[in-house]
Every structure is written in structure tokens, then in C-alpha cells.
Amino acid sequence: MIAPTLAELTAKGETPEVLFWVGCAGSFDDRYKRVTRAFAKILEAVNVKFAVLGTEETCTGDPARRAGNEFLFQMQAMNNIQVMNAYGVKKIVTACPHCFNTIRNEYRELGGDYEVIHHSVFLQQLINDGRIKMKEGGSYKGKKITYHDSCYLGRANGIYEAPRAVLEALDADLVEMKRCRTTGLCCGAGGAQMFKEPEPGKKDINIERADEALATGATTIAVACPFCMTMLNDGVKNKNKEAEVKVKDLAELIAESQGLVG
Amino acid sequence: MIQQIAFVLTLAAAVFIIARRVGTIRKNIRLGRKPLADDRPQERLKNMTLVAFGQKKMFKRFIPAILHLFIYVGFLVINLEVLEFVIDGLAGTHRIFAPYLGSFYTVLMNIFEFLAVAVLLSCVIFLIRRNVIKVKRFWNYEMTKWPRLDANIILFTEVILMLAILTMNATDQLLQQTNGHYTQTGSLFFSSMLMPLFNGLPENTLIFIERFAWWFHIIGILAFSIYITYSKHLHIFIAFPNTYYAKLEPKGHMNNMPVVTNEVKLMLNLPDANPNPAEAGRFGAKDINDLSQLNLLNAYACTECGRCTSECPASITGKKLSPRKIMMDTRDRMEDVRKRIDKGEEAFADGKTLLNDYITKEEINACTSCNACVEACPVMINPLEIILELRRYVAMEESGAPASWNGMFQNIETSFAPWKFSPADRFNWAQENK
Ligand code: SF4
Ligand code: SF4
């Protein structure tokens, strides 16, 4: 797989079409690394000239900011902005809604003004432009898929339809959970909850959400966020359903349908 | 004449009390730090028109939306009748508009009566939903006695006020048959159904009932206007400025802290840093005077409907956090501080603060910043912003964030990721193939 770094390209005097911001989960979480590779393979297969920052990328600072540590957030943000501005980055795509939200909405005030696209929207555009050609009768044709809205895509940024359009391109039978779109229930990880135990309560949020997803009878729960992926995976495991029900990212589903991953 | 004097005195007293209370609320909101933003007026006007005036966000839940719409339209339209009341009261006339409007007056009065009946029925259904069906969101733990009573008082008063209008019109129509002072209104559909109740009573008794209902209605409305400025019902006015001044950025955006930006720029030796910044003040919020004026305005706009809490993932799964309680606590704290100021005591010297004494860390730590509460609120209140400001205080001024968050901070500082991985391994995903 080719994943050129921005440093390499710049040294050759080339500029990429888009910077693929991988994010910490996409770089370090074993499960989400598969999503990163799937998305990179799609970009490669459809000849999108992209680059990554590689080891020059650092945490956007989102979890620090949501947990109250504004200093740490701004240190991270300023460093990332300095790096990206030095390379003259204009357009960014990322598979993480938290990175997407932070870079899109919060970096501008600190001097980083970029066009930021979430991979769900990017995939939808590739499909619409015919750059990704969906095959007739793919392996998801007629299969029940439910989509879990990520808070940082949906309510935070108003992106509800692009992920669904991608799933519909798979010819899948898209079933909705009771709480979806604007009333979609959080997976429980946002606002830095990913990095601590939940407060005392009657139930864990991810279990509540997994229950709801399983109740649709879908065999695939589609997600578009690394934290939702972890939380729902855990929820499905908690219900001993991991053999029948898979949690998958949009990029994985598309890559599978294109025969790019096994 | 005596009636006129009594009316002028009553009206003046009500206006005085309301004006004083409005002044207090304004001063309370000004205790906040960041002033209200009024850039992009067209977008703000649009929000206000659609959400406050047009009730747009109410229609996510259809049944309460329709009932609420009746009460809302009834409130607006019946106020036109109150205008006639006031003129009659001041001038000593009776139904001053009737001769000018002729048969149109009959139409108008029938519309008012229809709305009065609609309001009455809606309020009764609302009372049943609250007290008999016990809709869950009205019974969360922060809905203690007073907030529940407050809601019931309001609904009950509206029922009584509407009954007063109908009684007045019924007796009035009977009096029109015998007494020349009572201007002909034409037949009024709803109140004429009540006429048999009063038929056959002596004229004096009828006049007494009619006058009593008239006075009861106008005094009731004035008393009600005073009462709502102390109650959650204030949303009928504050919803308008609240939607106008609401945040325009995408919901995911968190407000920047320019003082921190400057310090970070100084640390990084950036040329545009200001080497002599003004005193930074407190980081984040510990009390209401650290919050923004918009946060405080929000607290007065909250009608305690609990739509936010019923969508909150933390609350749904039994955590202590309830976004409605965040708003109620903020408002209670403002009122408590104001009581001290009014007594001439130092405002914030009671040893209490919004954080800890009203809102606990357990509550703010449970928030997933999912924005469900913000999305659900029919008047565009943002409880999340207050939660995040309180977290900022805890993390930066007290270093009191939960231990695992402090660990996460450390990981970001040392390995530039929230988990403890070597930064050198960040690009390994491209080599692996699992
Ligand atoms: S943002 Fe926080 S308070 Fe609001 S609904 Fe989500 S978890 Fe609850
Ligand atoms: S914040 Fe909004 S949704 Fe929540 S109780 Fe108050 S008015 Fe209702």
C-alpha cells in the first residue's frame, strides 16, 4: 500500500490533492488501523493524490479541550497548525469526526484555515463522481445494515445523509434505530469519556445503544467514528453477539465491496 | 368613579412591580462575563422568527406542540381583549370597541372565546399529563416540590382565567337583555352555553357576577404577569432574546479562550503574541459571574420542560447529570446571589459557589458533549457550554480532573496521543497488514 508522507512529496516538489489526517485512534488502535488502511487503499485505488503527515501528526487536542485542559489543547493545536501551514495544507480529509470537528471548527480561531472533509462525505463524493464504481449485486446487497450517527458528525456538524448515501450505494437494506439522526443516542465516548470510567449509573451508555442497534435485526452496524466503533464493539460483545453482528466503518464496507480488503 | 380609581391604582402597582423585577433580571444577567453577541443580525432574526415566534423546535413532539400552540396563540390574541379591558378600566366605559366594530366585534369575541376554550382544554390536558399520566420527564429528581408546584400553579391559573372570561361573557349577555349600559355584543357561541346557569338570577346579582369576573380576570392577568417573572414561565418573554442571541457556530464548536491563546503564543515565541497581556482572571467557571451573559440569559429562558434531560444519554442511563438541572441551578444561584446583594451583603461571600454547592463534579464529569440537550431544547438553550466551562475551571485552576483524565493529559504532553504509545510508532499502520 502506498501512503506517501507530505514530507516526501514536498521534497519531490509535488503537492497532494488532499491531506489524509489519520488521527490517534487511526494510528494506534488496532481495530481502527484497519479502517485507516481501508480508506488509504480506496484513495489509492481511485487515484486520489493524497499524503499523510506520518510521524509529524499529533493529537488535535480534542479530548484535552473537552476534559477542560485548554492549555494543552491549544499547545497541540498551535503545533499542528504550524506544521500544516508550513506545508501549505489547504484541504484535509479524516475518518475521525472528533478530529474533523476540531480542525474544521476550532483551528481557524488559532490561525489554521483549511477545507476539512469527513471521509463519509468524501466517499459519497467519490461515488457520485463515478470515481468509485459500485458493482451490481455486491456482498451487502439486501443485507440489513443499521447506521449509528456519531454526535460529532450529526448534531455537531449537521452531517446525517452522506453516510447513509454511502450505505445505500452498497444496495444494502438500511434500517434505522429508534433514535437516529438529530435524536441519535451517543455511544458514550464523546467529551473525553473514552478516557475514563463512566460515572455511577444504572447502565452503560454503549450497552443501551448496542441494545437498540441489535433490536433492528441488522447484521452489520455501520459507524463512521473510531470511538463509536470501540464502544459499539464492546456493547455487542457484552451481549455475546459478536459472531452474528459486525461493527464496521463505512470505509471498510466500501473497500470490501471493491475487493480491496479481504 | 371608584372603580376607575381602583383600576388605575392596581394597574400602576402591577407595572411598578414588573418593571422593578425586569430591572433585577437584567442586572443578574449582567453579572456574567462575556457580553451578548449581536453580529450577523439577519441570521439571528431568522432564528428568533422561526424558533421563538414560529415554535419550530416544538414540533419535534407533535401532541404537546399542538396543545402548546393553542395556549401560545390564545395568549397572544386574548391580550388584544385585555387592551379593551385596560381602556374600559381607565375610561369607565364598557366594551368600548363594540360600537365601533359592530358585527365584526361579535366575530372577534367568538374567536376569543374559541381560543379561551382551546387554552382551557389544553391546560387541563397538560395538568393530566403532569399529574395523572406522570410523563417521565416531569418527574426527574431535580423536579422537586417547588418546580412541580410552579408548573401546576401556572396551568391552574390559566384555567381559572379562561373560566372567568366565559362567565363574564355569559352574564354580560343576560344583562344585555335588560340593562342598557351593557352594549350588545351579538350571540357568543361558547359563553351562551353557560347562560342557563345564571338565568333567572336577579339583575343585581348578575351585575355583581359580571363585575367580579371582570375584575378577577384583569387582576388575575396582572398578578399572573408578576408571578411569571419569578417562575419558569418567564420563557414566554425571554425565549425571544434567547433565540436571538443564541450561538451561531456549528454545535460542535467550543468557545475559544483568547487569554490562553496569547500565553501559548508567548510560550512558542510566536511574533503576534502580546507580551503584556491584561490580567487573565479565572480560567473557566466556578460561579455564575464566570459564565457568559448568554449562559445566564439561557437560565432565565429555561421552562423546565425536560426535553433536554429526556434525550441526555447520561440521564437516560441513570447518571446524576441532568442538563435541565444545570439550567435550574444556574438560575437558583443567580437568585441567591441577588438576595445577598439586595440585603447589602457582599454578593459572593456566602461560602458557596455554583460548582460544588449547586452542580457537582460527578454531574459535569458524566457529560459526553453529545449535544443532544442543545438539539432538543425548544428555545435554543445550551447546557453543554456551562458544563464545559465548569470543567475548564476544575482542570486548570484546581487540577482536579478525574485521575484518568490527568493521565490522558500526560500522555498527550509526552507522546502526543491520548494513549501511551511511542510517537515513533504513529506511522506503523502503513507497514502492518492485519
Ligand atoms: S451534551 Fe452532555 S448534558 Fe447534554 S445531552 Fe449530551 S451528555 Fe447530556
Ligand atoms: S434547557 Fe430547554 S429543553 Fe431543557 S428544560 Fe430548559 S427549556 Fe426545556
# chains A, B, ... in the order shown; residues from 1 in each chain; ligands from 1

call {"tool": "select_by_dssp", "arguments": {"residues": "range 86-252 of chain A", "states": "alpha helix (DSSP H)", "output": "VMD selection string"}}
result
chain A and resid 86 to 87 97 to 101 119 to 128 154 to 157 161 to 169 205 to 215 226 to 238 250 to 252

call {"tool": "residues_near_ligand", "arguments": {"ligand": "ligand 2", "cutoff": "8 Å", "atoms": "only C-alpha atoms and all ligand atoms", "output": "list of chain:residue names"}}
result
B:His235, B:Asn298, B:Ala299, B:Ala301, B:Cys302, B:Thr303, B:Glu304, B:Cys305, B:Gly306, B:Arg307, B:Cys308, B:Thr309, B:Pro323, B:Arg324, B:Lys325, B:Met327, B:Met328, B:Cys373, B:Val374, B:Ala376, B:Cys377, B:Pro378, B:Val379, B:Met380, B:Ile381, B:Asn382, B:Pro383

call {"tool": "write_last_selection", "arguments": {"atoms": "N, CA and C atoms", "output": "PDB file, in the first residue's frame"}}
result
ATOM      1  N   HIS B 235     -40.196  32.094  30.210  1.00  0.00           N
ATOM      2  CA  HIS B 235     -39.785  31.794  28.834  1.00  0.00           C
ATOM      3  C   HIS B 235     -40.680  32.478  27.814  1.00  0.00           C
ATOM      4  N   ASN B 298     -29.832  32.231  29.171  1.00  0.00           N
ATOM      5  CA  ASN B 298     -30.344  30.866  28.971  1.00  0.00           C
ATOM      6  C   ASN B 298     -31.073  30.364  30.208  1.00  0.00           C
ATOM      7  N   ALA B 299     -30.470  30.610  31.367  1.00  0.00           N
ATOM      8  CA  ALA B 299     -31.046  30.080  32.605  1.00  0.00           C
ATOM      9  C   ALA B 299     -32.428  30.683  32.864  1.00  0.00           C
ATOM     10  N   ALA B 301     -34.387  31.656  30.484  1.00  0.00           N
ATOM     11  CA  ALA B 301     -35.297  31.243  29.411  1.00  0.00           C
ATOM     12  C   ALA B 301     -35.803  29.820  29.616  1.00  0.00           C
ATOM     13  N   CYS B 302     -35.169  29.084  30.530  1.00  0.00           N
ATOM     14  CA  CYS B 302     -35.488  27.662  30.666  1.00  0.00           C
ATOM     15  C   CYS B 302     -36.872  27.476  31.279  1.00  0.00           C
ATOM     16  N   THR B 303     -37.677  26.661  30.622  1.00  0.00           N
ATOM     17  CA  THR B 303     -39.028  26.452  31.099  1.00  0.00           C
ATOM     18  C   THR B 303     -39.185  25.105  31.801  1.00  0.00           C
ATOM     19  N   GLU B 304     -38.030  24.473  32.080  1.00  0.00           N
ATOM     20  CA  GLU B 304     -38.004  23.236  32.876  1.00  0.00           C
ATOM     21  C   GLU B 304     -38.833  22.124  32.239  1.00  0.00           C
ATOM     22  N   CYS B 305     -38.904  22.134  30.908  1.00  0.00           N
ATOM     23  CA  CYS B 305     -39.722  21.130  30.235  1.00  0.00           C
ATOM     24  C   CYS B 305     -39.066  19.759  30.248  1.00  0.00           C
ATOM     25  N   GLY B 306     -37.728  19.726  30.374  1.00  0.00           N
ATOM     26  CA  GLY B 306     -37.032  18.446  30.482  1.00  0.00           C
ATOM     27  C   GLY B 306     -36.833  17.713  29.171  1.00  0.00           C
ATOM     28  N   ARG B 307     -37.077  18.382  28.047  1.00  0.00           N
ATOM     29  CA  ARG B 307     -36.789  17.733  26.767  1.00  0.00           C
ATOM     30  C   ARG B 307     -35.307  17.396  26.666  1.00  0.00           C
ATOM     31  N   CYS B 308     -34.475  18.303  27.181  1.00  0.00           N
ATOM     32  CA  CYS B 308     -33.027  18.067  27.158  1.00  0.00           C
ATOM     33  C   CYS B 308     -32.675  16.812  27.951  1.00  0.00           C
ATOM     34  N   THR B 309     -33.180  16.741  29.169  1.00  0.00           N
ATOM     35  CA  THR B 309     -32.833  15.628  30.047  1.00  0.00           C
ATOM     36  C   THR B 309     -33.345  14.304  29.493  1.00  0.00           C
ATOM     37  N   PRO B 323     -29.216  17.881  32.193  1.00  0.00           N
ATOM     38  CA  PRO B 323     -28.979  19.232  31.663  1.00  0.00           C
ATOM     39  C   PRO B 323     -30.003  20.258  32.162  1.00  0.00           C
ATOM     40  N   ARG B 324     -31.240  19.801  32.383  1.00  0.00           N
ATOM     41  CA  ARG B 324     -32.230  20.749  32.926  1.00  0.00           C
ATOM     42  C   ARG B 324     -31.790  21.256  34.285  1.00  0.00           C
ATOM     43  N   LYS B 325     -31.252  20.347  35.100  1.00  0.00           N
ATOM     44  CA  LYS B 325     -30.815  20.760  36.436  1.00  0.00           C
ATOM     45  C   LYS B 325     -29.670  21.775  36.336  1.00  0.00           C
ATOM     46  N   MET B 327     -29.388  24.105  34.194  1.00  0.00           N
ATOM     47  CA  MET B 327     -30.002  25.413  33.972  1.00  0.00           C
ATOM     48  C   MET B 327     -30.732  25.905  35.222  1.00  0.00           C
ATOM     49  N   MET B 328     -31.428  24.998  35.908  1.00  0.00           N
ATOM     50  CA  MET B 328     -32.170  25.396  37.109  1.00  0.00           C
ATOM     51  C   MET B 328     -31.206  25.858  38.206  1.00  0.00           C
ATOM     52  N   CYS B 373     -28.876  17.571  24.289  1.00  0.00           N
ATOM     53  CA  CYS B 373     -29.652  18.551  25.049  1.00  0.00           C
ATOM     54  C   CYS B 373     -29.824  19.837  24.254  1.00  0.00           C
ATOM     55  N   VAL B 374     -28.744  20.265  23.604  1.00  0.00           N
ATOM     56  CA  VAL B 374     -28.784  21.515  22.845  1.00  0.00           C
ATOM     57  C   VAL B 374     -29.766  21.372  21.684  1.00  0.00           C
ATOM     58  N   ALA B 376     -32.279  19.342  21.539  1.00  0.00           N
ATOM     59  CA  ALA B 376     -33.655  19.103  21.984  1.00  0.00           C
ATOM     60  C   ALA B 376     -34.347  20.366  22.491  1.00  0.00           C
ATOM     61  N   CYS B 377     -33.590  21.331  22.956  1.00  0.00           N
ATOM     62  CA  CYS B 377     -34.228  22.470  23.619  1.00  0.00           C
ATOM     63  C   CYS B 377     -35.048  23.312  22.647  1.00  0.00           C
ATOM     64  N   PRO B 378     -36.327  23.520  22.947  1.00  0.00           N
ATOM     65  CA  PRO B 378     -37.170  24.274  22.016  1.00  0.00           C
ATOM     66  C   PRO B 378     -36.858  25.769  21.989  1.00  0.00           C
ATOM     67  N   VAL B 379     -36.071  26.264  22.957  1.00  0.00           N
ATOM     68  CA  VAL B 379     -35.746  27.694  22.919  1.00  0.00           C
ATOM     69  C   VAL B 379     -34.237  27.944  22.806  1.00  0.00           C
ATOM     70  N   MET B 380     -33.526  26.957  22.274  1.00  0.00           N
ATOM     71  CA  MET B 380     -32.093  27.086  21.960  1.00  0.00           C
ATOM     72  C   MET B 380     -31.203  27.391  23.161  1.00  0.00           C
ATOM     73  N   ILE B 381     -31.476  26.711  24.249  1.00  0.00           N
ATOM     74  CA  ILE B 381     -30.605  26.832  25.415  1.00  0.00           C
ATOM     75  C   ILE B 381     -29.441  25.856  25.257  1.00  0.00           C
ATOM     76  N   ASN B 382     -28.274  26.233  25.794  1.00  0.00           N
ATOM     77  CA  ASN B 382     -27.096  25.384  25.664  1.00  0.00           C
ATOM     78  C   ASN B 382     -26.517  25.001  27.031  1.00  0.00           C
ATOM     79  N   PRO B 383     -27.006  23.903  27.624  1.00  0.00           N
ATOM     80  CA  PRO B 383     -26.473  23.484  28.925  1.00  0.00           C
ATOM     81  C   PRO B 383     -25.018  23.001  28.829  1.00  0.00           C
TER      82      PRO B 383
END

call {"tool": "interface_residues", "arguments": {"of": "chain B", "to": "chain A", "cutoff": "6 Å", "atoms": "only C-alpha atoms", "output": "PyMOL selection string"}}
result
chain B and resi 250-253+317-319+366+368-370+391-392+395+404+416-417+426-427+429

call {"tool": "write_last_selection", "arguments": {"atoms": "N, CA and C atoms", "output": "PDB file, in the first residue's frame"}}
result
ATOM      1  N   PRO B 250     -21.445  26.111  14.394  1.00  0.00           N
ATOM      2  CA  PRO B 250     -21.917  24.714  14.484  1.00  0.00           C
ATOM      3  C   PRO B 250     -21.864  24.257  15.940  1.00  0.00           C
ATOM      4  N   LYS B 251     -22.759  23.340  16.302  1.00  0.00           N
ATOM      5  CA  LYS B 251     -22.848  22.938  17.711  1.00  0.00           C
ATOM      6  C   LYS B 251     -21.552  22.330  18.234  1.00  0.00           C
ATOM      7  N   GLY B 252     -20.755  21.764  17.323  1.00  0.00           N
ATOM      8  CA  GLY B 252     -19.511  21.132  17.772  1.00  0.00           C
ATOM      9  C   GLY B 252     -18.451  22.122  18.226  1.00  0.00           C
ATOM     10  N   HIS B 253     -18.622  23.388  17.870  1.00  0.00           N
ATOM     11  CA  HIS B 253     -17.603  24.395  18.186  1.00  0.00           C
ATOM     12  C   HIS B 253     -17.588  24.731  19.670  1.00  0.00           C
ATOM     13  N   THR B 317     -29.252   6.758  31.217  1.00  0.00           N
ATOM     14  CA  THR B 317     -28.639   5.567  31.799  1.00  0.00           C
ATOM     15  C   THR B 317     -28.406   5.716  33.304  1.00  0.00           C
ATOM     16  N   GLY B 318     -29.146   6.649  33.911  1.00  0.00           N
ATOM     17  CA  GLY B 318     -29.162   6.713  35.373  1.00  0.00           C
ATOM     18  C   GLY B 318     -28.038   7.488  36.036  1.00  0.00           C
ATOM     19  N   LYS B 319     -27.288   8.279  35.256  1.00  0.00           N
ATOM     20  CA  LYS B 319     -26.268   9.106  35.903  1.00  0.00           C
ATOM     21  C   LYS B 319     -26.938  10.313  36.546  1.00  0.00           C
ATOM     22  N   ALA B 366     -19.985  13.439  33.906  1.00  0.00           N
ATOM     23  CA  ALA B 366     -20.758  12.409  33.200  1.00  0.00           C
ATOM     24  C   ALA B 366     -21.117  12.823  31.776  1.00  0.00           C
ATOM     25  N   THR B 368     -21.103  13.611  27.884  1.00  0.00           N
ATOM     26  CA  THR B 368     -20.369  13.118  26.717  1.00  0.00           C
ATOM     27  C   THR B 368     -20.245  14.191  25.631  1.00  0.00           C
ATOM     28  N   SER B 369     -20.677  15.397  25.938  1.00  0.00           N
ATOM     29  CA  SER B 369     -20.674  16.520  24.993  1.00  0.00           C
ATOM     30  C   SER B 369     -21.377  16.147  23.680  1.00  0.00           C
ATOM     31  N   CYS B 370     -22.446  15.363  23.810  1.00  0.00           N
ATOM     32  CA  CYS B 370     -23.103  14.836  22.613  1.00  0.00           C
ATOM     33  C   CYS B 370     -24.053  15.837  21.965  1.00  0.00           C
ATOM     34  N   ARG B 391     -15.878  22.468  33.736  1.00  0.00           N
ATOM     35  CA  ARG B 391     -14.764  21.525  33.592  1.00  0.00           C
ATOM     36  C   ARG B 391     -13.441  22.260  33.422  1.00  0.00           C
ATOM     37  N   ARG B 392     -13.485  23.378  32.688  1.00  0.00           N
ATOM     38  CA  ARG B 392     -12.257  24.141  32.490  1.00  0.00           C
ATOM     39  C   ARG B 392     -11.714  24.623  33.834  1.00  0.00           C
ATOM     40  N   ALA B 395     -10.205  21.602  35.734  1.00  0.00           N
ATOM     41  CA  ALA B 395      -8.948  21.098  35.177  1.00  0.00           C
ATOM     42  C   ALA B 395      -7.814  22.106  35.323  1.00  0.00           C
ATOM     43  N   SER B 404      -7.942   9.546  35.616  1.00  0.00           N
ATOM     44  CA  SER B 404      -7.614   9.012  34.284  1.00  0.00           C
ATOM     45  C   SER B 404      -7.536  10.120  33.244  1.00  0.00           C
ATOM     46  N   PHE B 416       2.113  12.778  22.627  1.00  0.00           N
ATOM     47  CA  PHE B 416       1.290  13.452  21.609  1.00  0.00           C
ATOM     48  C   PHE B 416       0.091  12.633  21.153  1.00  0.00           C
ATOM     49  N   ALA B 417      -0.358  11.722  22.016  1.00  0.00           N
ATOM     50  CA  ALA B 417      -1.583  10.966  21.758  1.00  0.00           C
ATOM     51  C   ALA B 417      -2.204  10.688  23.126  1.00  0.00           C
ATOM     52  N   ARG B 426       3.733   5.974  15.260  1.00  0.00           N
ATOM     53  CA  ARG B 426       2.487   6.525  14.732  1.00  0.00           C
ATOM     54  C   ARG B 426       2.192   6.117  13.294  1.00  0.00           C
ATOM     55  N   PHE B 427       3.253   5.882  12.558  1.00  0.00           N
ATOM     56  CA  PHE B 427       3.055   5.608  11.133  1.00  0.00           C
ATOM     57  C   PHE B 427       3.142   4.114  10.823  1.00  0.00           C
ATOM     58  N   TRP B 429       0.996   1.825  11.015  1.00  0.00           N
ATOM     59  CA  TRP B 429      -0.181   1.233  10.371  1.00  0.00           C
ATOM     60  C   TRP B 429       0.037   0.955   8.892  1.00  0.00           C
TER      61      TRP B 429
END

call {"tool": "select_by_dssp", "arguments": {"residues": "range 85-203 of chain A", "states": "strand (DSSP E or B)", "output": "PyMOL selection string"}}
result
chain A and resi 91-94+115-118+144-147+173-175

call {"tool": "write_last_selection", "arguments": {"atoms": "N, CA and C atoms", "output": "PDB file, in the first residue's frame"}}
result
ATOM      1  N   LYS A  91      -6.476  21.387   2.021  1.00  0.00           N
ATOM      2  CA  LYS A  91      -7.640  20.517   2.061  1.00  0.00           C
ATOM      3  C   LYS A  91      -7.285  19.260   2.861  1.00  0.00           C
ATOM      4  N   ILE A  92      -8.179  18.900   3.801  1.00  0.00           N
ATOM      5  CA  ILE A  92      -7.907  17.776   4.693  1.00  0.00           C
ATOM      6  C   ILE A  92      -9.088  16.815   4.669  1.00  0.00           C
ATOM      7  N   VAL A  93      -8.811  15.516   4.649  1.00  0.00           N
ATOM      8  CA  VAL A  93      -9.875  14.533   4.833  1.00  0.00           C
ATOM      9  C   VAL A  93      -9.500  13.681   6.038  1.00  0.00           C
ATOM     10  N   THR A  94     -10.492  13.329   6.852  1.00  0.00           N
ATOM     11  CA  THR A  94     -10.206  12.500   8.015  1.00  0.00           C
ATOM     12  C   THR A  94     -11.364  11.557   8.290  1.00  0.00           C
ATOM     13  N   GLU A 115      -9.959  23.614   4.371  1.00  0.00           N
ATOM     14  CA  GLU A 115     -11.205  22.950   3.986  1.00  0.00           C
ATOM     15  C   GLU A 115     -11.124  21.536   4.554  1.00  0.00           C
ATOM     16  N   VAL A 116     -12.039  21.186   5.451  1.00  0.00           N
ATOM     17  CA  VAL A 116     -11.952  19.876   6.104  1.00  0.00           C
ATOM     18  C   VAL A 116     -13.162  19.039   5.715  1.00  0.00           C
ATOM     19  N   ILE A 117     -12.895  17.796   5.303  1.00  0.00           N
ATOM     20  CA  ILE A 117     -13.971  16.917   4.830  1.00  0.00           C
ATOM     21  C   ILE A 117     -13.928  15.625   5.623  1.00  0.00           C
ATOM     22  N   HIS A 118     -15.069  15.180   6.061  1.00  0.00           N
ATOM     23  CA  HIS A 118     -15.093  13.880   6.731  1.00  0.00           C
ATOM     24  C   HIS A 118     -15.114  12.779   5.687  1.00  0.00           C
ATOM     25  N   LYS A 144     -29.244  -6.455   5.970  1.00  0.00           N
ATOM     26  CA  LYS A 144     -29.688  -5.391   6.880  1.00  0.00           C
ATOM     27  C   LYS A 144     -28.492  -4.688   7.538  1.00  0.00           C
ATOM     28  N   ILE A 145     -28.413  -3.394   7.306  1.00  0.00           N
ATOM     29  CA  ILE A 145     -27.366  -2.594   7.939  1.00  0.00           C
ATOM     30  C   ILE A 145     -28.044  -1.457   8.695  1.00  0.00           C
ATOM     31  N   THR A 146     -27.582  -1.203   9.907  1.00  0.00           N
ATOM     32  CA  THR A 146     -28.083  -0.001  10.591  1.00  0.00           C
ATOM     33  C   THR A 146     -26.919   0.946  10.774  1.00  0.00           C
ATOM     34  N   TYR A 147     -27.195   2.234  10.689  1.00  0.00           N
ATOM     35  CA  TYR A 147     -26.127   3.221  10.817  1.00  0.00           C
ATOM     36  C   TYR A 147     -26.256   3.966  12.145  1.00  0.00           C
ATOM     37  N   ASP A 173     -29.942  -3.067   2.769  1.00  0.00           N
ATOM     38  CA  ASP A 173     -31.248  -2.718   3.322  1.00  0.00           C
ATOM     39  C   ASP A 173     -31.000  -1.903   4.591  1.00  0.00           C
ATOM     40  N   LEU A 174     -31.056  -0.587   4.445  1.00  0.00           N
ATOM     41  CA  LEU A 174     -30.719   0.302   5.553  1.00  0.00           C
ATOM     42  C   LEU A 174     -31.881   0.389   6.537  1.00  0.00           C
ATOM     43  N   VAL A 175     -31.671  -0.069   7.767  1.00  0.00           N
ATOM     44  CA  VAL A 175     -32.738   0.042   8.768  1.00  0.00           C
ATOM     45  C   VAL A 175     -32.309   1.042   9.836  1.00  0.00           C
TER      46      VAL A 175
END

call {"tool": "residues_around", "arguments": {"residues": "Val8 in chain B", "least_positions_apart": "5", "cutoff": "9 Å", "atoms": "only C-alpha atoms", "output": "list in words"}}
result
Gln3, Ala13, Gly89 and Leu90 of chain B

call {"tool": "residues_around", "arguments": {"residues": "Asn295 in chain B", "least_positions_apart": "3", "cutoff": "12 Å", "atoms": "only C-alpha atoms", "output": "ChimeraX atom specification"}}
result
/B:28-37,242,245-247,285,287-292,298-302,326-331,334,380-389

call {"tool": "atom_distance", "arguments": {"atom1": "CA of Leu250 in chain A", "atom2": "CA of Trp419 in chain B"}}
result
24.5 Å

call {"tool": "atom_distance", "arguments": {"atom1": "CA of Thr171 in chain B", "atom2": "CA of Ser187 in chain B"}}
result
12.3 Å
